[in-house]
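final25.txt follows (compact mmCIF, C-alpha atoms and all ligand atoms):
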```
# COMPACT_ATOMS: atom_id res chain seq x y z
CA MET J 1 -10.81 -32.00 -7.00
CA GLY J 2 -8.38 -34.47 -8.56
CA ASN J 3 -4.69 -33.54 -8.87
CA GLN J 4 -4.97 -32.61 -12.53
CA GLN J 5 -8.01 -30.45 -11.82
CA VAL J 6 -6.14 -28.66 -9.02
CA GLN J 7 -3.17 -28.01 -11.32
CA ASP J 8 -5.51 -26.74 -14.08
CA ARG J 9 -7.33 -24.41 -11.69
CA ILE J 10 -4.01 -23.11 -10.32
CA ASN J 11 -2.76 -22.45 -13.86
CA ALA J 12 -5.97 -20.66 -14.81
CA LEU J 13 -5.86 -18.49 -11.66
CA ARG J 14 -2.20 -17.59 -12.19
CA GLU J 15 -2.84 -16.63 -15.77
CA ILE J 16 -5.78 -14.36 -15.00
CA LEU J 17 -4.08 -12.85 -11.91
CA ASN J 18 -0.95 -12.10 -13.93
CA GLN J 19 -3.08 -10.35 -16.49
CA TYR J 20 -4.94 -8.33 -13.82
CA GLY J 21 -1.61 -7.51 -12.15
CA TYR J 22 -0.15 -6.26 -15.43
CA GLU J 23 -3.17 -4.04 -16.08
CA TYR J 24 -3.09 -2.68 -12.53
CA TYR J 25 0.61 -2.23 -11.82
CA VAL J 26 2.07 -1.59 -15.27
CA LEU J 27 -0.74 0.02 -17.25
CA ASP J 28 -2.41 1.69 -14.21
CA ARG J 29 -5.68 0.59 -15.82
CA PRO J 30 -7.39 -2.28 -13.96
CA SER J 31 -10.20 -4.14 -15.73
CA VAL J 32 -11.79 -5.56 -12.57
CA PRO J 33 -12.50 -4.26 -9.05
CA ASP J 34 -9.82 -4.98 -6.42
CA ALA J 35 -12.22 -7.28 -4.57
CA GLU J 36 -12.35 -9.61 -7.54
CA TYR J 37 -8.56 -9.70 -7.75
CA ASP J 38 -8.32 -10.30 -3.98
CA GLN J 39 -10.87 -13.12 -4.10
CA LYS J 40 -9.01 -14.97 -6.89
CA LEU J 41 -5.70 -14.45 -5.08
CA GLN J 42 -7.20 -15.92 -1.89
CA GLU J 43 -8.43 -18.94 -3.84
CA LEU J 44 -4.95 -19.45 -5.31
CA LYS J 45 -3.34 -19.07 -1.87
CA LYS J 46 -5.70 -21.70 -0.44
CA LEU J 47 -4.93 -24.17 -3.24
CA GLU J 48 -1.19 -23.59 -2.87
CA LYS J 49 -1.43 -24.05 0.90
CA ALA J 50 -3.14 -27.40 0.40
CA HIS J 51 -0.64 -28.37 -2.34
CA PRO J 52 2.69 -26.71 -1.45
CA GLU J 53 4.50 -28.87 -4.01
CA LEU J 54 2.72 -26.86 -6.72
CA ILE J 55 4.05 -23.44 -5.58
CA THR J 56 6.34 -21.82 -8.15
CA SER J 57 8.57 -18.82 -7.56
CA ASP J 58 6.77 -16.81 -10.24
CA SER J 59 3.29 -17.39 -8.80
CA PRO J 60 1.39 -14.12 -8.12
CA THR J 61 1.26 -15.23 -4.46
CA GLN J 62 5.06 -14.94 -4.25
CA ARG J 63 5.46 -11.48 -5.76
CA VAL J 64 5.17 -7.91 -4.59
CA GLY J 65 3.84 -5.41 -7.15
CA ALA J 66 5.44 -5.49 -10.57
CA GLU J 67 8.80 -4.94 -12.18
CA PRO J 68 9.75 -1.29 -12.75
CA LEU J 69 9.25 0.27 -16.16
CA ASP J 70 12.38 0.68 -18.29
CA ALA J 71 11.44 4.31 -18.97
CA PHE J 72 12.72 5.26 -15.50
CA GLN J 73 16.08 4.88 -13.80
CA LYS J 74 16.03 1.94 -11.43
CA VAL J 75 16.41 2.39 -7.69
CA GLN J 76 17.49 -0.44 -5.37
CA HIS J 77 15.64 -0.63 -2.06
CA HIS J 78 18.28 -1.84 0.39
CA ILE J 79 15.49 -2.57 2.83
CA PRO J 80 12.75 -4.20 0.72
CA MET J 81 9.40 -2.43 0.39
CA LEU J 82 7.05 -5.26 1.19
CA SER J 83 3.37 -5.93 0.73
CA LEU J 84 1.08 -6.71 3.69
CA GLY J 85 -0.78 -9.85 4.69
CA ASN J 86 -4.54 -9.40 4.54
CA ALA J 87 -7.37 -9.80 7.03
CA PHE J 88 -10.94 -9.82 5.77
CA ASN J 89 -12.91 -10.14 9.01
CA GLU J 90 -12.73 -10.06 12.81
CA ALA J 91 -11.65 -13.69 12.99
CA ASP J 92 -8.60 -12.95 10.78
CA LEU J 93 -7.66 -10.04 13.05
CA ARG J 94 -7.95 -12.23 16.15
CA ASP J 95 -5.79 -14.89 14.45
CA PHE J 96 -3.19 -12.24 13.73
CA ASP J 97 -3.27 -11.16 17.40
CA ARG J 98 -2.89 -14.78 18.54
CA ARG J 99 0.11 -15.32 16.24
CA VAL J 100 1.75 -12.12 17.40
CA THR J 101 1.22 -12.71 21.13
CA ARG J 102 2.42 -16.31 20.82
CA GLU J 103 5.74 -15.11 19.34
CA THR J 104 6.41 -12.28 21.81
CA ASP J 105 6.94 -12.43 25.59
CA GLN J 106 5.75 -8.98 26.59
CA PRO J 107 2.22 -7.54 26.11
CA VAL J 108 1.68 -6.12 22.63
CA SER J 109 0.26 -2.71 21.66
CA TYR J 110 -0.81 -1.94 18.13
CA VAL J 111 -0.89 1.16 15.99
CA CYS J 112 -3.87 1.35 13.64
CA GLU J 113 -3.62 3.48 10.52
CA LEU J 114 -5.88 4.16 7.59
CA LYS J 115 -4.84 2.15 4.55
CA ILE J 116 -4.53 4.84 1.91
CA ASP J 117 -5.32 3.57 -1.57
CA GLY J 118 -2.45 5.19 -3.41
CA LEU J 119 1.06 4.33 -4.46
CA ALA J 120 3.82 3.36 -2.03
CA VAL J 121 6.77 5.73 -2.32
CA SER J 122 10.19 6.01 -0.75
CA LEU J 123 11.69 9.47 -0.14
CA THR J 124 15.37 9.90 0.63
CA TYR J 125 16.65 12.96 2.49
CA GLU J 126 20.40 13.47 2.67
CA ASN J 127 21.61 15.98 5.24
CA GLY J 128 18.05 17.24 5.36
CA LYS J 129 17.60 17.70 1.59
CA PHE J 130 15.20 15.70 -0.56
CA THR J 131 17.46 13.89 -3.02
CA ARG J 132 15.51 10.94 -4.36
CA GLY J 133 12.01 9.57 -4.59
CA ALA J 134 11.07 6.13 -5.87
CA THR J 135 8.15 3.77 -6.38
CA ARG J 136 7.98 0.40 -4.64
CA GLY J 137 8.24 -1.48 -7.95
CA ASP J 138 8.71 -5.19 -7.25
CA GLY J 139 9.80 -4.46 -3.68
CA THR J 140 13.56 -4.57 -4.26
CA THR J 141 13.81 -2.46 -7.43
CA GLY J 142 11.69 0.64 -7.90
CA GLU J 143 11.50 3.52 -10.38
CA ASP J 144 13.21 6.85 -9.81
CA ILE J 145 10.33 9.36 -9.92
CA THR J 146 12.10 12.19 -8.07
CA SER J 147 11.12 14.93 -10.56
CA ASN J 148 7.46 13.99 -10.30
CA LEU J 149 7.49 13.77 -6.53
CA ARG J 150 9.13 17.19 -6.28
CA THR J 151 5.92 18.65 -7.72
CA ILE J 152 3.84 17.46 -4.73
CA ARG J 153 3.36 20.38 -2.38
CA SER J 154 3.18 18.30 0.80
CA ILE J 155 6.64 16.81 0.19
CA PRO J 156 9.12 19.23 1.73
CA LEU J 157 12.30 19.72 -0.29
CA SER J 158 14.14 20.00 2.99
CA ILE J 159 13.23 18.70 6.42
CA LYS J 160 13.74 20.35 9.79
CA GLU J 161 16.83 18.39 10.82
CA LYS J 162 19.97 17.75 8.79
CA GLU J 163 19.09 14.06 8.85
CA THR J 164 19.95 11.37 6.32
CA ILE J 165 16.84 9.28 6.32
CA GLU J 166 14.67 7.30 3.93
CA VAL J 167 10.99 7.74 4.72
CA ARG J 168 8.13 5.76 3.24
CA GLY J 169 4.49 6.43 2.71
CA GLU J 170 1.70 6.76 0.23
CA ALA J 171 1.25 9.25 -2.59
CA PHE J 172 -2.42 9.58 -3.45
CA MET J 173 -4.97 11.63 -5.32
CA PRO J 174 -7.68 13.24 -3.14
CA HIS J 175 -11.27 12.76 -4.38
CA ARG J 176 -11.54 16.42 -5.33
CA SER J 177 -8.52 16.23 -7.64
CA PHE J 178 -9.69 12.89 -9.06
CA LEU J 179 -13.15 14.15 -9.98
CA ALA J 180 -11.74 17.31 -11.55
CA LEU J 181 -9.16 15.30 -13.53
CA ASN J 182 -11.70 12.82 -14.88
CA LYS J 183 -14.11 15.61 -15.79
CA ALA J 184 -11.34 17.29 -17.77
CA LYS J 185 -10.39 14.00 -19.41
CA GLN J 186 -13.96 13.36 -20.48
CA ALA J 187 -14.28 16.88 -21.83
CA ASN J 188 -11.23 16.10 -24.01
CA ASN J 189 -12.71 12.76 -25.09
CA GLU J 190 -9.97 10.94 -23.21
CA GLU J 191 -10.53 7.75 -21.25
CA PRO J 192 -11.09 8.54 -17.54
CA PHE J 193 -9.02 6.83 -14.82
CA ALA J 194 -10.76 3.87 -13.14
CA ASN J 195 -10.07 5.09 -9.60
CA PRO J 196 -7.93 7.56 -7.62
CA ARG J 197 -5.22 4.96 -7.01
CA ASN J 198 -4.63 4.40 -10.68
CA ALA J 199 -4.85 8.11 -11.38
CA ALA J 200 -2.13 8.76 -8.78
CA ALA J 201 0.07 5.97 -10.12
CA GLY J 202 -0.48 7.12 -13.72
CA SER J 203 0.40 10.70 -12.79
CA LEU J 204 3.62 9.77 -11.01
CA ARG J 205 4.80 7.53 -13.82
CA GLN J 206 4.64 10.27 -16.45
CA LEU J 207 7.94 11.15 -18.03
CA ASP J 208 7.07 14.85 -18.04
CA PRO J 209 6.90 16.26 -14.48
CA LYS J 210 4.74 19.15 -15.74
CA ILE J 211 1.89 16.66 -16.01
CA ALA J 212 2.31 15.40 -12.45
CA ALA J 213 2.44 19.02 -11.31
CA THR J 214 -1.11 19.62 -12.55
CA ARG J 215 -2.57 16.57 -10.80
CA ASN J 216 -2.83 17.91 -7.21
CA LEU J 217 -1.44 14.83 -5.52
CA ASP J 218 -0.86 14.54 -1.81
CA THR J 219 1.11 12.30 0.58
CA PHE J 220 0.95 10.67 3.98
CA LEU J 221 4.22 9.29 5.34
CA TYR J 222 3.99 6.30 7.69
CA GLY J 223 7.32 4.57 7.85
CA VAL J 224 11.10 4.65 7.86
CA GLY J 225 13.41 2.67 5.56
CA GLU J 226 17.15 3.21 5.83
CA TRP J 227 18.12 5.41 8.77
CA GLU J 228 21.53 4.98 10.35
CA ALA J 229 21.02 7.46 13.14
CA GLY J 230 17.58 6.12 14.06
CA ALA J 231 17.25 5.49 17.78
CA LEU J 232 13.54 5.40 18.43
CA SER J 233 11.94 2.37 20.02
CA SER J 234 8.39 2.36 18.67
CA HIS J 235 6.44 2.94 15.51
CA SER J 236 4.30 5.59 17.23
CA GLU J 237 7.43 7.55 18.18
CA ARG J 238 8.53 7.38 14.56
CA LEU J 239 5.20 8.79 13.43
CA HIS J 240 5.62 11.70 15.86
CA TYR J 241 9.17 12.23 14.65
CA LEU J 242 8.20 12.24 10.95
CA LYS J 243 5.72 14.98 11.79
CA GLU J 244 8.38 16.94 13.70
CA LEU J 245 10.61 16.75 10.63
CA GLY J 246 7.88 18.58 8.70
CA LEU J 247 6.65 15.55 6.78
CA LYS J 248 2.93 15.02 6.33
CA THR J 249 1.54 12.20 8.46
CA ASN J 250 -2.09 11.17 8.73
CA PRO J 251 -3.56 12.51 12.01
CA GLU J 252 -6.12 9.66 12.18
CA TRP J 253 -3.84 6.93 13.58
CA LYS J 254 -4.48 5.41 16.98
CA LYS J 255 -2.53 3.38 19.48
CA CYS J 256 -4.55 0.36 20.70
CA ALA J 257 -3.73 -1.74 23.78
CA THR J 258 -5.86 -4.73 22.76
CA ILE J 259 -7.26 -6.41 19.66
CA GLU J 260 -10.74 -5.36 20.87
CA GLU J 261 -9.70 -1.73 20.52
CA VAL J 262 -8.33 -2.52 17.07
CA ILE J 263 -11.68 -4.02 16.05
CA GLU J 264 -13.48 -0.95 17.40
CA TYR J 265 -11.24 1.29 15.29
CA VAL J 266 -11.90 -0.88 12.21
CA ASN J 267 -15.67 -0.69 12.77
CA TYR J 268 -15.53 3.05 13.29
CA TRP J 269 -13.71 3.65 9.99
CA THR J 270 -15.88 1.17 8.10
CA ASN J 271 -18.72 3.64 8.72
CA GLU J 272 -16.73 6.87 8.54
CA ARG J 273 -14.70 6.28 5.38
CA PRO J 274 -17.22 7.91 3.02
CA HIS J 275 -16.56 11.21 4.83
CA LEU J 276 -12.87 11.30 4.00
CA ASP J 277 -11.60 13.28 1.02
CA TYR J 278 -9.42 10.38 -0.06
CA GLU J 279 -9.87 6.71 -0.74
CA ILE J 280 -8.98 4.13 1.90
CA ASP J 281 -9.33 0.43 1.25
CA GLY J 282 -8.74 -0.83 4.76
CA ILE J 283 -6.94 -0.43 8.06
CA VAL J 284 -3.29 -1.30 8.64
CA VAL J 285 -2.53 -2.76 12.07
CA LYS J 286 1.13 -2.66 13.17
CA VAL J 287 2.88 -3.91 16.30
CA ASP J 288 4.10 -0.71 17.94
CA ASN J 289 7.27 -1.86 19.70
CA LEU J 290 10.22 -2.06 17.29
CA THR J 291 12.02 -4.77 19.27
CA GLN J 292 8.91 -6.91 19.04
CA GLN J 293 8.71 -6.12 15.31
CA GLU J 294 12.25 -7.42 14.94
CA GLU J 295 11.45 -10.57 16.90
CA LEU J 296 8.48 -11.26 14.63
CA GLY J 297 10.43 -10.62 11.42
CA PHE J 298 9.24 -11.16 7.84
CA THR J 299 7.98 -13.76 5.44
CA ALA J 300 9.22 -13.53 1.82
CA LYS J 301 6.45 -11.06 1.02
CA ASN J 302 5.11 -9.54 4.25
CA PRO J 303 6.17 -8.36 7.67
CA ARG J 304 4.80 -10.68 10.39
CA TRP J 305 4.24 -7.67 12.65
CA ALA J 306 1.60 -5.98 10.50
CA ILE J 307 -1.61 -6.84 8.70
CA ALA J 308 -3.96 -5.00 6.36
CA TYR J 309 -7.64 -5.37 7.14
CA LYS J 310 -9.56 -4.96 3.85
CA PHE J 311 -13.04 -3.48 3.81
CA PRO J 312 -15.76 -5.85 2.55
CA ALA J 313 -15.99 -6.59 -1.14
CA GLU J 314 -19.51 -5.32 -1.95
CA GLU J 315 -18.57 -1.89 -0.74
CA ALA J 316 -15.48 -1.82 -2.91
CA ILE J 317 -17.56 -2.60 -5.99
CA THR J 318 -20.32 -0.10 -5.17
CA LYS J 319 -17.69 2.50 -4.43
CA LEU J 320 -16.05 2.02 -7.83
CA GLN J 321 -19.41 2.33 -9.57
CA ASP J 322 -20.36 5.37 -7.47
CA ILE J 323 -17.19 7.10 -8.49
CA GLU J 324 -17.73 6.34 -12.14
CA LEU J 325 -21.31 7.52 -11.99
CA SER J 326 -20.50 10.72 -10.15
CA VAL J 327 -17.90 11.85 -12.69
P1 LIG J 401 -1.83 -4.21 -0.24
O1 LIG J 401 -2.56 -3.12 -0.93
O2 LIG J 401 -2.66 -5.30 0.27
O3 LIG J 401 -0.98 -3.59 0.99
C1 LIG J 401 0.34 -3.05 0.99
C2 LIG J 401 0.40 -1.60 0.64
O4 LIG J 401 -0.46 -0.83 1.47
C3 LIG J 401 1.74 -0.94 0.90
O5 LIG J 401 2.66 -1.23 -0.10
C4 LIG J 401 1.38 0.50 0.93
O6 LIG J 401 1.45 1.04 -0.38
C5 LIG J 401 -0.07 0.51 1.31
N1 LIG J 401 -0.41 1.30 2.51
C6 LIG J 401 -1.39 2.24 2.55
N2 LIG J 401 -1.49 2.79 3.74
C7 LIG J 401 -0.54 2.21 4.51
C8 LIG J 401 -0.13 2.38 5.87
N3 LIG J 401 -0.74 3.25 6.68
N4 LIG J 401 0.89 1.62 6.32
C9 LIG J 401 1.50 0.72 5.51
N5 LIG J 401 1.15 0.51 4.22
C10 LIG J 401 0.15 1.25 3.73
O7 LIG J 401 -0.79 -4.87 -1.14
P2 LIG J 401 -0.21 -4.52 -2.55
O8 LIG J 401 0.82 -5.55 -2.74
O9 LIG J 401 0.16 -3.08 -2.63
O10 LIG J 401 -1.33 -4.70 -3.65
C11 LIG J 401 -2.39 -5.42 -3.61
C12 LIG J 401 -3.55 -4.47 -3.88
O11 LIG J 401 -3.61 -4.19 -5.24
C13 LIG J 401 -4.82 -5.12 -3.48
O12 LIG J 401 -5.68 -4.16 -2.93
C14 LIG J 401 -5.35 -5.62 -4.79
O13 LIG J 401 -6.76 -5.70 -4.79
C15 LIG J 401 -4.86 -4.57 -5.74
N6 LIG J 401 -4.74 -5.11 -7.09
C16 LIG J 401 -5.81 -4.99 -7.88
C17 LIG J 401 -5.76 -5.49 -9.18
C18 LIG J 401 -6.96 -5.33 -10.08
O14 LIG J 401 -6.92 -5.83 -11.19
N7 LIG J 401 -8.00 -4.66 -9.66
C19 LIG J 401 -4.60 -6.12 -9.64
C20 LIG J 401 -3.51 -6.22 -8.78
C21 LIG J 401 -3.59 -5.72 -7.50
```

Let me see the structure of the file written as structure tokens.
Ligand code: NAD
Amino acid sequence: MGNQQVQDRINALREILNQYGYEYYVLDRPSVPDAEYDQKLQELKKLEKAHPELITSDSPTQRVGAEPLDAFQKVQHHIPMLSLGNAFNEADLRDFDRRVTRETDQPVSYVCELKIDGLAVSLTYENGKFTRGATRGDGTTGEDITSNLRTIRSIPLSIKEKETIEVRGEAFMPHRSFLALNKAKQANNEEPFANPRNAAAGSLRQLDPKIAATRNLDTFLYGVGEWEAGALSSHSERLHYLKELGLKTNPEWKKCATIEEVIEYVNYWTNERPHLDYEIDGIVVKVDNLTQQEELGFTAKNPRWAIAYKFPAEEAITKLQDIELSV
């Protein structure tokens, strides 16, 4: 490709990705399967890597999510809520392992978690009471959706210790709730939601919490944001602690001593995912030791100590069609 052709292709990709991003993040109504978005984003990343002089700060490769809607109060995330780098195959996972082990002196253990296809949320507890819940938004500014989150039964309004802690996780719509909701929508001649992720996001960004209350949403918490008193030394200890606090964590996580074990876990869930009552779109692999996490640090968009393995594209497309057909 000549220079002009590269620039033209980059412009075309940015334009279409911005449109897809707007439909997905702002309207909660995607027009294409995630795999198609991911594939175009990968192509753009490759072109930008080969031509770094063409990277612009507003390129979809440089952004997390989308700006918050004006309808909600804004919430500043003092610790940014980042996106994750992606792996699409075993080789990408092994590359990740090589990068991580190169940067750290001690042996590395990983925690593997299911990548829940929902909406990232931040929950703040002050002296043990739930005081604020927010979306990720663009990573630094989210939307205050406290009233909607208070309607989710698995979010305790007070936790078991008088802690001041910001916890993070995923709000999602289980398949059962999604199918019932779309059936009801169709019965009312309303447009059904494209997938459970968008249904969850659409429900939590309603101005009337009574609507969210009818949507039977659920949560899994998997991380900690701001936490002054925090003294734990690993991600796995944090997961145990979140559970002790009475927060809902996903029981399916696993600590892995090697990348081989990680790959085994990925293969297991590639086959088992249809049996879950909620949508997962991959596996998140995180370095367990928090000192090692700190050593590895962050890029502008992603932590270097974690990666999201994405399930293969064909499945994502079939899955979307299956869901539509089964409604
Ligand atoms: P991402 O989905 O690749 O990964 C980051 C997110 O994973 C986190 O923010 C968090 O919400 C989530 N997550 C779920 N389980 C987790 C766990 N156990 N630990 C940590 N995080 C966990 O990145 P993204 O920036 O949220 O969005 C990109 C996604 O949105 C892609 O899947 C992309 O295909 C999709 N998308 C689709 C369209 C479309 O038009 N179809 C448009 C834009 C984006």

By how many Å are CA of Gln19 in chain J and CA of Lys45 in chain J apart?
-> 17.0 Å

Quick one: residues within 7 Å of ligand LIG 401 (chain J), with only C-alpha atoms and all ligand atoms, as a PDB file with C-alpha atoms, in the coordinates of the input?
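Output contents, as saved in out.pdb:
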```pdb
ATOM      1  CA  TYR J  20      -4.940  -8.330 -13.820  1.00  0.00           C
ATOM      2  CA  GLY J  21      -1.610  -7.510 -12.150  1.00  0.00           C
ATOM      3  CA  GLU J  23      -3.170  -4.040 -16.080  1.00  0.00           C
ATOM      4  CA  TYR J  24      -3.090  -2.680 -12.530  1.00  0.00           C
ATOM      5  CA  TYR J  25       0.610  -2.230 -11.820  1.00  0.00           C
ATOM      6  CA  PRO J  30      -7.390  -2.280 -13.960  1.00  0.00           C
ATOM      7  CA  SER J  31     -10.200  -4.140 -15.730  1.00  0.00           C
ATOM      8  CA  VAL J  32     -11.790  -5.560 -12.570  1.00  0.00           C
ATOM      9  CA  PRO J  33     -12.500  -4.260  -9.050  1.00  0.00           C
ATOM     10  CA  ASP J  34      -9.820  -4.980  -6.420  1.00  0.00           C
ATOM     11  CA  ALA J  35     -12.220  -7.280  -4.570  1.00  0.00           C
ATOM     12  CA  GLU J  36     -12.350  -9.610  -7.540  1.00  0.00           C
ATOM     13  CA  TYR J  37      -8.560  -9.700  -7.750  1.00  0.00           C
ATOM     14  CA  ASP J  38      -8.320 -10.300  -3.980  1.00  0.00           C
ATOM     15  CA  VAL J  64       5.170  -7.910  -4.590  1.00  0.00           C
ATOM     16  CA  GLY J  65       3.840  -5.410  -7.150  1.00  0.00           C
ATOM     17  CA  MET J  81       9.400  -2.430   0.390  1.00  0.00           C
ATOM     18  CA  LEU J  82       7.050  -5.260   1.190  1.00  0.00           C
ATOM     19  CA  SER J  83       3.370  -5.930   0.730  1.00  0.00           C
ATOM     20  CA  LEU J  84       1.080  -6.710   3.690  1.00  0.00           C
ATOM     21  CA  GLY J  85      -0.780  -9.850   4.690  1.00  0.00           C
ATOM     22  CA  ASN J  86      -4.540  -9.400   4.540  1.00  0.00           C
ATOM     23  CA  GLU J 113      -3.620   3.480  10.520  1.00  0.00           C
ATOM     24  CA  LEU J 114      -5.880   4.160   7.590  1.00  0.00           C
ATOM     25  CA  LYS J 115      -4.840   2.150   4.550  1.00  0.00           C
ATOM     26  CA  ILE J 116      -4.530   4.840   1.910  1.00  0.00           C
ATOM     27  CA  ASP J 117      -5.320   3.570  -1.570  1.00  0.00           C
ATOM     28  CA  GLY J 118      -2.450   5.190  -3.410  1.00  0.00           C
ATOM     29  CA  LEU J 119       1.060   4.330  -4.460  1.00  0.00           C
ATOM     30  CA  ALA J 120       3.820   3.360  -2.030  1.00  0.00           C
ATOM     31  CA  GLY J 169       4.490   6.430   2.710  1.00  0.00           C
ATOM     32  CA  GLU J 170       1.700   6.760   0.230  1.00  0.00           C
ATOM     33  CA  TYR J 222       3.990   6.300   7.690  1.00  0.00           C
ATOM     34  CA  VAL J 284      -3.290  -1.300   8.640  1.00  0.00           C
ATOM     35  CA  ALA J 308      -3.960  -5.000   6.360  1.00  0.00           C
TER      36      ALA J 308
END
```

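In this model, the gap between CA of Leu204 in chain J and CA of Ile16 in chain J comes to 26.2 Å.
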
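For Ile259 in chain J, the non-local neighbours within 10 Å, defined as residues at least 6 positions apart in the same chain or in other chains and counting all atoms listed in the file, are Glu90, Leu93, Arg94, Phe96, Asp97, Arg98, Val108, Ser109, Tyr110, Tyr265 and Val285 of chain J.
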
Option closest in space to Lys286 in chain J, from J:Lys310, J:Lys254, J:Arg102, J:Lys243 [counting all atoms listed in the file] |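 Looking only at the distances to Lys286 in chain J, the closest residue turns out to be J:Lys254.
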